[in-house]
Amino acid sequence: MVWDWKHKYGDIIMKQMRRMGTSYDWTRERFTMDDMMTRATKETFVRLFDDGIIYRSNRLVNWCHRLNTSLSNLEVEKVEIPGRTMMSVPGYPSEEKFEFGVLVHFAYEIEGSSERIVVATTRIETMLGDTAIAVHPDDARYKHLHGKFARHPFVDRRIPIITDSEAVDMEYGTGAVKMTPAHDPNDYEVGKRHNLEFINLLNDDGTYNQNAGPYCGMLRFHIRKQIIEDIKAKGLYVDTTSNPMEVPVCTKSGDIIEPLMKPQWWVNIRPLAEPALEAVRDGRLEITPMAAEKDWFHKLGKFQDWCLSRQLWWGHQIPAYFVRVAGQECDSGDINYWVVGRDDAEARKRAEEKFPGVAFELEQDPDVLDTWFSSGLWPFALMGWPDNTDDFEKYYPTSLLETGNDILFFWVARMVMLGMHLTGKVPFAKVFCHAMIRDANGRKMSKSLGNVIDPIDVIQGISLDDLHAKLESGNLDPREVSKAKEGQVKDFPEGIPECGTDALRFALCAYPLASSDIKLDIQRVDGYRKFCNKLWNATRFALMKLGDDFVPQAEAQLTGRESLAELWILHRLNVAIRDVNAALADMNFMVATTAIYGFWLNELCDIFIEYIKPVIAPGANPEACSSAQQTLYTCLDQGLRMLHPLMPFVTEELWQRLPRRASENEPSISIAAYPEPRSDYENAKAESDFKFVMDIATAGRSLAAAYNIVAKSEFYISNSSDASYALTSSLSEGIVTMISGCQSVTVLRSGEAIPAGCVVSSVGDEVAIHLLVRGKVDIGQEISKIEDKISKVEQLKDGAVKRTQVPKYETVVPQSVREANASKISNYDAEIEVLQNSIKEFLVLKDGE
């Protein structure tokens, strides 16, 4: 049944990866419970134990009562609450809520006197495990109590008053701190320093044990309620105050985590972490972005030992064996009664050597290893380690690890530490940490919120009803299903549209590298689906214009017959190729997507293809047509190759429809040469000259819009020099295509007459573009429209002026508001002036009729 579950859900992940277009060697798929990984895991445990790095100790762990297991820090979410908050807890009736985010102040009575000492806690039920009260050694208020005892009100226990300058801040609260070493990480350290008694209160199921006295057998949060009433009854209650805090919650069960003393297997991190830190310092390991490198030093530099034991039914059973010697009291907490072995036979041999000539029984530890232990062996174990296989010799160490920044410490650090210790080599040269994907509102994806996005649902689309059905078929608590459905209705009221793999990949790459989170907006993904459609339509149109008999040149060399527009687009192609290559080398995918998107959409589709339509039309100059077709082919071929890593499917499909150069015979775009910048395509002058032409077209479009001439517009371009005339006349046909609704463009030499009834816009010192408006607009009607606009703007200005005329305006109204009002009035004046000048221009035209 377990393996059936693994195959079902593991196959879902594999399917998602395949649908996302990942191009792995799928014959090398491995699972951490495979035989080869199991062997490597046992080998690692035994070696680290023999090296003195793995040890057994009774220490605090994160304990989940709901799952009955210890957890890694990664599996614990610190939920911030602003203060007093009523929360439900798994394992209790849903209608029953408990108070969190408060400090309960109460008093202990000093032994042999009527004096009291007040302490405070956020977990009042843990006072049953208090074994000391700490004060600062310099605090004059408590010096007379040094070395004395308080009496516990509910159990027969004397509580010593100790001094500790590290744990106590004299200025905070009462300056007295209760110590529960067996249930609090900070108190644990104090307990070690002062050799305090460690009293465990909790059973594994969340009830309190016999150490809790009269509360034995009660659930921990029922005690929380009851003990406050009992403290009040004894007259020891002081008050309860709101207290912002973090509540540790199990990410799997939602249970409130308890620090709990357990005998577990631990890894001494320091001898492993120091070489890993040094590898980054000396450059053998590069971690990007820089924020991730800082996190590496911050977290790994704390040298916190790693708890390996997990009380789960699934995982690698710990290869450690308790030796129960006949006739002896054997304590499982005593490391001397433990041996390790790669198998039962080796463990028995070690036990015989340790306890010669005595009878014993071996009991393998029922716990399993933390999953990060076996995962930390991944780079070399999957190559066959501990055997020196061909794969290990050829592929280890690897070059790049790409991963999420949230598991930099939990997984990446483990791989580096274990890899360096076991193989002597850093397992990879570079670590690239990508951002974490969140929903469009920046929230962490959660089943209970209903905002988890399955990539396949984005690829093929899904209705809202089917999203609901997926919630109902999952393992979500029924109480959370309705809440999750509400979240889905809010986020996806119409379901998720079919976006396709290419659009999803491109959208994910288009987010900034420096961000730690990606706020995934499905509408943005759908926008890139439209880009795919544009790409498809433009390429199909271009192929139609190339014709079935088109044969590309054997090499993509310049012929010397290219027009200015062709030289410009080849230059822009080269700029895009250069920028994309540099961005991919830096793994700055946002820059790469911006460069590719800009080239394809804004330059190739919107400008060049439109510009050359008359050049490649039937009846056009054959030589110019052929040259334009060759340039268009080069742009399509290189543009598709450049885009392929980001959009593999649509680019492969379109590239397969292109004819091949005689010098190329690659069967797939995925193995075709990636574009490289070419020096012969660099042409700054072509870029400058063509930009000038585009500026002319832009000025023409602005004139047409200003005078509302949307069709059959007639333009005249006047030139004051022969050079500008030569340039504009050679490109006049292209300018026509660049102005929507343009009927004609006539280029005039210096001194040639401009037809009457034109309006003009200057483009530089030597060129102006003129639009014929006489007979095309109703001048009186246009003037009336402008006068209406002026009236509205004047009303807005009058309102702004009135706001400046209130009494004591200069002294009462803040300067920032006065400046904003002045700016508005100035802008209104400027707008009125522009509109009045437009009326003057129309009047001049009217007088000329």
# chains A, B, ... in the order shown; residues from 1 in each chain; ligands from 1
>>> residues_around(residues="Val736 in chain A", least_positions_apart="4", cutoff="10 Å", atoms="only C-alpha atoms", output="ChimeraX atom specification")
/A:610-611,614,697,700,713-715,731-732,740-746
>>> residues_around(residues="Ala503 in chain A", least_positions_apart="4", cutoff="6 Å", atoms="only C-alpha atoms", output="list in words")
Val525, Tyr528 and Arg529 of chain A
>>> select_by_dssp(residues="range 108-329 of chain A", states="alpha helix (DSSP H)", output="PyMOL selection string")
chain A and resi 185-194+220-233+270-281+290-300
>>> write_last_selection(atoms="C-alpha atoms", output="compact mmCIF listing (two decimals), in the first residue's frame")
# COMPACT_ATOMS: atom_id res chain seq x y z
CA PRO A 185 15.14 25.85 24.37
CA ASN A 186 16.44 28.88 26.27
CA ASP A 187 15.70 27.32 29.65
CA TYR A 188 17.43 24.15 28.45
CA GLU A 189 20.70 26.04 28.06
CA VAL A 190 20.29 27.62 31.50
CA GLY A 191 19.58 24.17 32.93
CA LYS A 192 22.82 22.86 31.43
CA ARG A 193 24.83 25.77 32.85
CA HIS A 194 23.40 25.40 36.37
CA ARG A 220 -1.99 20.04 27.94
CA PHE A 221 -4.40 22.80 26.85
CA HIS A 222 -7.11 21.69 29.25
CA ILE A 223 -4.48 22.15 31.95
CA ARG A 224 -3.81 25.66 30.55
CA LYS A 225 -7.39 26.62 31.38
CA GLN A 226 -7.64 24.79 34.69
CA ILE A 227 -4.34 25.85 36.21
CA ILE A 228 -5.15 29.56 35.96
CA GLU A 229 -8.28 28.97 38.02
CA ASP A 230 -6.26 26.97 40.54
CA ILE A 231 -3.60 29.68 40.80
CA LYS A 232 -6.34 32.22 41.43
CA ALA A 233 -7.79 29.99 44.13
CA ARG A 270 30.62 21.95 13.68
CA PRO A 271 33.21 19.58 12.09
CA LEU A 272 30.99 19.34 9.00
CA ALA A 273 29.92 23.00 8.79
CA GLU A 274 33.33 24.64 9.10
CA PRO A 275 34.68 23.14 5.82
CA ALA A 276 31.37 24.01 4.09
CA LEU A 277 31.65 27.64 5.20
CA GLU A 278 35.28 27.79 4.09
CA ALA A 279 34.37 26.42 0.64
CA VAL A 280 32.20 29.48 0.02
CA ARG A 281 34.78 31.87 1.46
CA MET A 290 24.05 37.33 -2.82
CA ALA A 291 21.15 37.24 -0.32
CA ALA A 292 21.33 33.44 -0.37
CA GLU A 293 25.06 33.52 0.36
CA LYS A 294 24.46 35.75 3.38
CA ASP A 295 21.78 33.32 4.57
CA TRP A 296 24.30 30.48 4.19
CA PHE A 297 26.78 32.08 6.58
CA HIS A 298 24.05 33.21 8.97
CA LYS A 299 22.36 29.84 9.43
CA LEU A 300 25.24 27.43 8.98
>>> closest_residue(among="A:Ile54, A:Leu535, A:Leu369, A:Ala753", to="Asn602 in chain A", atoms="only C-alpha atoms")
A:Leu535
>>> atom_distance(atom1="CA of Glu494 in chain A", atom2="CA of Met20 in chain A")
23.3 Å
>>> closest_residue(among="A:Ser679, A:Thr371, A:Gln488, A:Ala120", to="Trp314 in chain A", atoms="only C-alpha atoms")
A:Thr371
>>> select_by_dssp(residues="range 91-314 of chain A", states="strand (DSSP E or B)", output="VMD selection string")
chain A and resid 98 to 100 102 to 110 116 to 121 132 to 135 149 to 151 158 to 163 176 to 179 202 207 to 208 219 237 to 242 245 to 250 256 258 to 267 286 to 288 306 to 307 309 to 310
>>> residues_around(residues="Ala381 in chain A", least_positions_apart="2", cutoff="10 Å", atoms="only C-alpha atoms", output="JSON, numbers by chain")
{"A": [32, 36, 37, 38, 39, 40, 41, 374, 375, 376, 377, 378, 379, 383, 384, 385, 386, 387, 392, 419]}
>>> write_last_selection(atoms="N, CA, C and O atoms", output="tab-separated table (two decimals), in the first residue's frame")
chain	number	residue	atom	x	y	z
A	32	THR	N	14.68	8.08	-3.09
A	32	THR	CA	15.55	7.96	-1.91
A	32	THR	C	15.41	6.62	-1.19
A	32	THR	O	16.24	6.31	-0.35
A	36	MET	N	20.02	1.33	-3.94
A	36	MET	CA	21.33	1.98	-3.96
A	36	MET	C	21.38	3.14	-2.98
A	36	MET	O	22.42	3.39	-2.34
A	37	MET	N	20.26	3.88	-2.83
A	37	MET	CA	20.23	4.98	-1.88
A	37	MET	C	20.19	4.46	-0.44
A	37	MET	O	20.80	5.04	0.46
A	38	THR	N	19.49	3.35	-0.22
A	38	THR	CA	19.43	2.76	1.11
A	38	THR	C	20.82	2.31	1.55
A	38	THR	O	21.24	2.53	2.69
A	39	ARG	N	21.54	1.70	0.64
A	39	ARG	CA	22.91	1.25	0.95
A	39	ARG	C	23.80	2.43	1.30
A	39	ARG	O	24.56	2.39	2.28
A	40	ALA	N	23.71	3.50	0.52
A	40	ALA	CA	24.54	4.69	0.78
A	40	ALA	C	24.17	5.33	2.11
A	40	ALA	O	25.03	5.85	2.83
A	41	THR	N	22.87	5.31	2.45
A	41	THR	CA	22.41	5.91	3.70
A	41	THR	C	22.98	5.16	4.90
A	41	THR	O	23.48	5.77	5.86
A	374	SER	N	19.22	11.21	4.03
A	374	SER	CA	19.44	10.50	2.77
A	374	SER	C	19.46	11.46	1.59
A	374	SER	O	20.22	11.28	0.63
A	375	SER	N	18.63	12.51	1.65
A	375	SER	CA	18.62	13.50	0.56
A	375	SER	C	19.96	14.21	0.45
A	375	SER	O	20.37	14.63	-0.64
A	376	GLY	N	20.66	14.36	1.58
A	376	GLY	CA	21.95	15.02	1.57
A	376	GLY	C	23.03	14.25	0.84
A	376	GLY	O	24.09	14.79	0.53
A	377	LEU	N	22.76	12.98	0.53
A	377	LEU	CA	23.74	12.14	-0.19
A	377	LEU	C	23.51	12.17	-1.69
A	377	LEU	O	24.25	11.52	-2.45
A	378	TRP	N	22.51	12.89	-2.13
A	378	TRP	CA	22.01	12.80	-3.51
A	378	TRP	C	23.09	12.98	-4.59
A	378	TRP	O	23.16	12.18	-5.53
A	379	PRO	N	23.95	14.01	-4.51
A	379	PRO	CA	24.87	14.26	-5.64
A	379	PRO	C	25.82	13.10	-5.93
A	379	PRO	O	26.24	12.92	-7.08
A	383	MET	N	25.31	8.37	-8.06
A	383	MET	CA	26.37	7.99	-8.99
A	383	MET	C	26.98	6.63	-8.63
A	383	MET	O	27.93	6.18	-9.27
A	384	GLY	N	26.44	5.99	-7.57
A	384	GLY	CA	26.93	4.68	-7.19
A	384	GLY	C	27.79	4.64	-5.95
A	384	GLY	O	28.22	3.56	-5.53
A	385	TRP	N	28.09	5.80	-5.35
A	385	TRP	CA	28.88	5.82	-4.11
A	385	TRP	C	28.16	4.96	-3.05
A	385	TRP	O	26.94	4.95	-3.03
A	386	PRO	N	28.86	4.18	-2.23
A	386	PRO	CA	30.30	4.27	-1.93
A	386	PRO	C	31.22	3.55	-2.88
A	386	PRO	O	32.44	3.55	-2.67
A	387	ASP	N	30.70	2.92	-3.94
A	387	ASP	CA	31.58	2.29	-4.93
A	387	ASP	C	32.15	3.37	-5.85
A	387	ASP	O	31.50	4.37	-6.13
A	392	PHE	N	30.51	7.82	-11.09
A	392	PHE	CA	31.08	8.65	-10.03
A	392	PHE	C	32.36	9.33	-10.52
A	392	PHE	O	32.57	10.52	-10.27
A	419	GLY	N	28.91	15.72	1.44
A	419	GLY	CA	29.73	15.47	0.27
A	419	GLY	C	31.20	15.71	0.54
A	419	GLY	O	32.07	14.91	0.16
>>> residues_around(residues="Phe531 in chain A", least_positions_apart="6", cutoff="10 Å", atoms="only C-alpha atoms", output="list in words")
Asp502, Ala503, Val525, Asn537, Tyr597, Trp600 and Leu601 of chain A
>>> write_last_selection(atoms="N, CA and C atoms", output="mmCIF file, in the first residue's frame")
data_model
loop_
_atom_site.group_PDB
_atom_site.id
_atom_site.type_symbol
_atom_site.label_atom_id
_atom_site.label_comp_id
_atom_site.auth_asym_id
_atom_site.auth_seq_id
_atom_site.Cartn_x
_atom_site.Cartn_y
_atom_site.Cartn_z
ATOM 1 N N ASP A 502 4.458 26.694 -22.571
ATOM 2 C CA ASP A 502 5.390 27.755 -22.954
ATOM 3 C C ASP A 502 5.088 29.056 -22.229
ATOM 4 N N ALA A 503 3.832 29.408 -22.140
ATOM 5 C CA ALA A 503 3.456 30.653 -21.467
ATOM 6 C C ALA A 503 3.795 30.586 -19.986
ATOM 7 N N VAL A 525 0.280 35.096 -16.848
ATOM 8 C CA VAL A 525 0.592 33.898 -17.628
ATOM 9 C C VAL A 525 -0.252 33.873 -18.895
ATOM 10 N N ASN A 537 1.308 33.314 -35.241
ATOM 11 C CA ASN A 537 0.716 33.983 -36.401
ATOM 12 C C ASN A 537 1.756 34.717 -37.236
ATOM 13 N N TYR A 597 11.408 39.120 -25.652
ATOM 14 C CA TYR A 597 10.050 39.644 -25.870
ATOM 15 C C TYR A 597 10.099 40.937 -26.678
ATOM 16 N N TRP A 600 11.092 40.126 -30.462
ATOM 17 C CA TRP A 600 10.048 39.473 -31.240
ATOM 18 C C TRP A 600 8.823 40.372 -31.443
ATOM 19 N N LEU A 601 8.337 40.948 -30.378
ATOM 20 C CA LEU A 601 7.060 41.659 -30.453
ATOM 21 C C LEU A 601 7.222 43.071 -31.015
#
>>> residues_around(residues="Leu145 in chain A", least_positions_apart="2", cutoff="9 Å", atoms="only C-alpha atoms", output="ChimeraX atom specification")
/A:110,141-143,147-149,161-162
>>> closest_residue(among="A:Glu346, A:Met420, A:Trp266, A:Arg818", to="Val806 in chain A", atoms="only C-alpha atoms")
A:Arg818
>>> atom_distance(atom1="CA of Gln317 in chain A", atom2="CA of Glu258 in chain A")
24.2 Å
>>> closest_residue(among="A:Ile569, A:Ile13, A:Gln557, A:Cys605", to="Arg661 in chain A", atoms="only C-alpha atoms")
A:Gln557
>>> residues_around(residues="Arg438 in chain A", least_positions_apart="4", cutoff="12 Å", atoms="only C-alpha atoms", output="number ranges by chain")
A: 442-446, 449, 451-453, 508, 515-522
>>> closest_atom_pairs(of="range 3-118 of chain A", to="range 179-184 of chain A", cutoff="12 Å", atoms="only C-alpha atoms", output="CSV")
residue,atom,partner,partner_atom,distance
A:Asn58,CA,A:Ala182,CA,10.1
A:Arg59,CA,A:Ala182,CA,8.3
A:Leu60,CA,A:Ala182,CA,7.0
A:Val61,CA,A:His183,CA,9.2
A:Asn62,CA,A:His183,CA,9.9
A:Trp63,CA,A:His183,CA,10.4
>>> write_last_selection(atoms="N, CA and C atoms", output="compact mmCIF listing (two decimals), in the first residue's frame")
# COMPACT_ATOMS: atom_id res chain seq x y z
N ASN A 58 19.92 12.79 25.08
CA ASN A 58 18.57 13.15 25.52
C ASN A 58 18.47 14.67 25.49
N ARG A 59 17.90 15.21 24.43
CA ARG A 59 17.86 16.66 24.23
C ARG A 59 16.47 17.08 23.76
N LEU A 60 16.29 18.41 23.72
CA LEU A 60 15.01 18.95 23.25
C LEU A 60 14.83 18.73 21.75
N VAL A 61 13.62 18.33 21.38
CA VAL A 61 13.25 18.22 19.97
C VAL A 61 11.91 18.93 19.75
N ASN A 62 11.59 19.17 18.49
CA ASN A 62 10.25 19.68 18.14
C ASN A 62 9.30 18.47 18.10
N TRP A 63 8.32 18.44 19.01
CA TRP A 63 7.46 17.26 19.08
C TRP A 63 6.04 17.61 18.64
>>> residues_around(residues="Arg310 in chain A", least_positions_apart="2", cutoff="6 Å", atoms="only C-alpha atoms", output="ChimeraX atom specification")
/A:69-70,312,367-370
>>> closest_residue(among="A:Tyr716, A:Phe355, A:Tyr172, A:Trp411", to="Ile754 in chain A", atoms="only C-alpha atoms")
A:Tyr716
>>> atom_distance(atom1="CA of Arg284 in chain A", atom2="CA of Thr398 in chain A")
12.3 Å
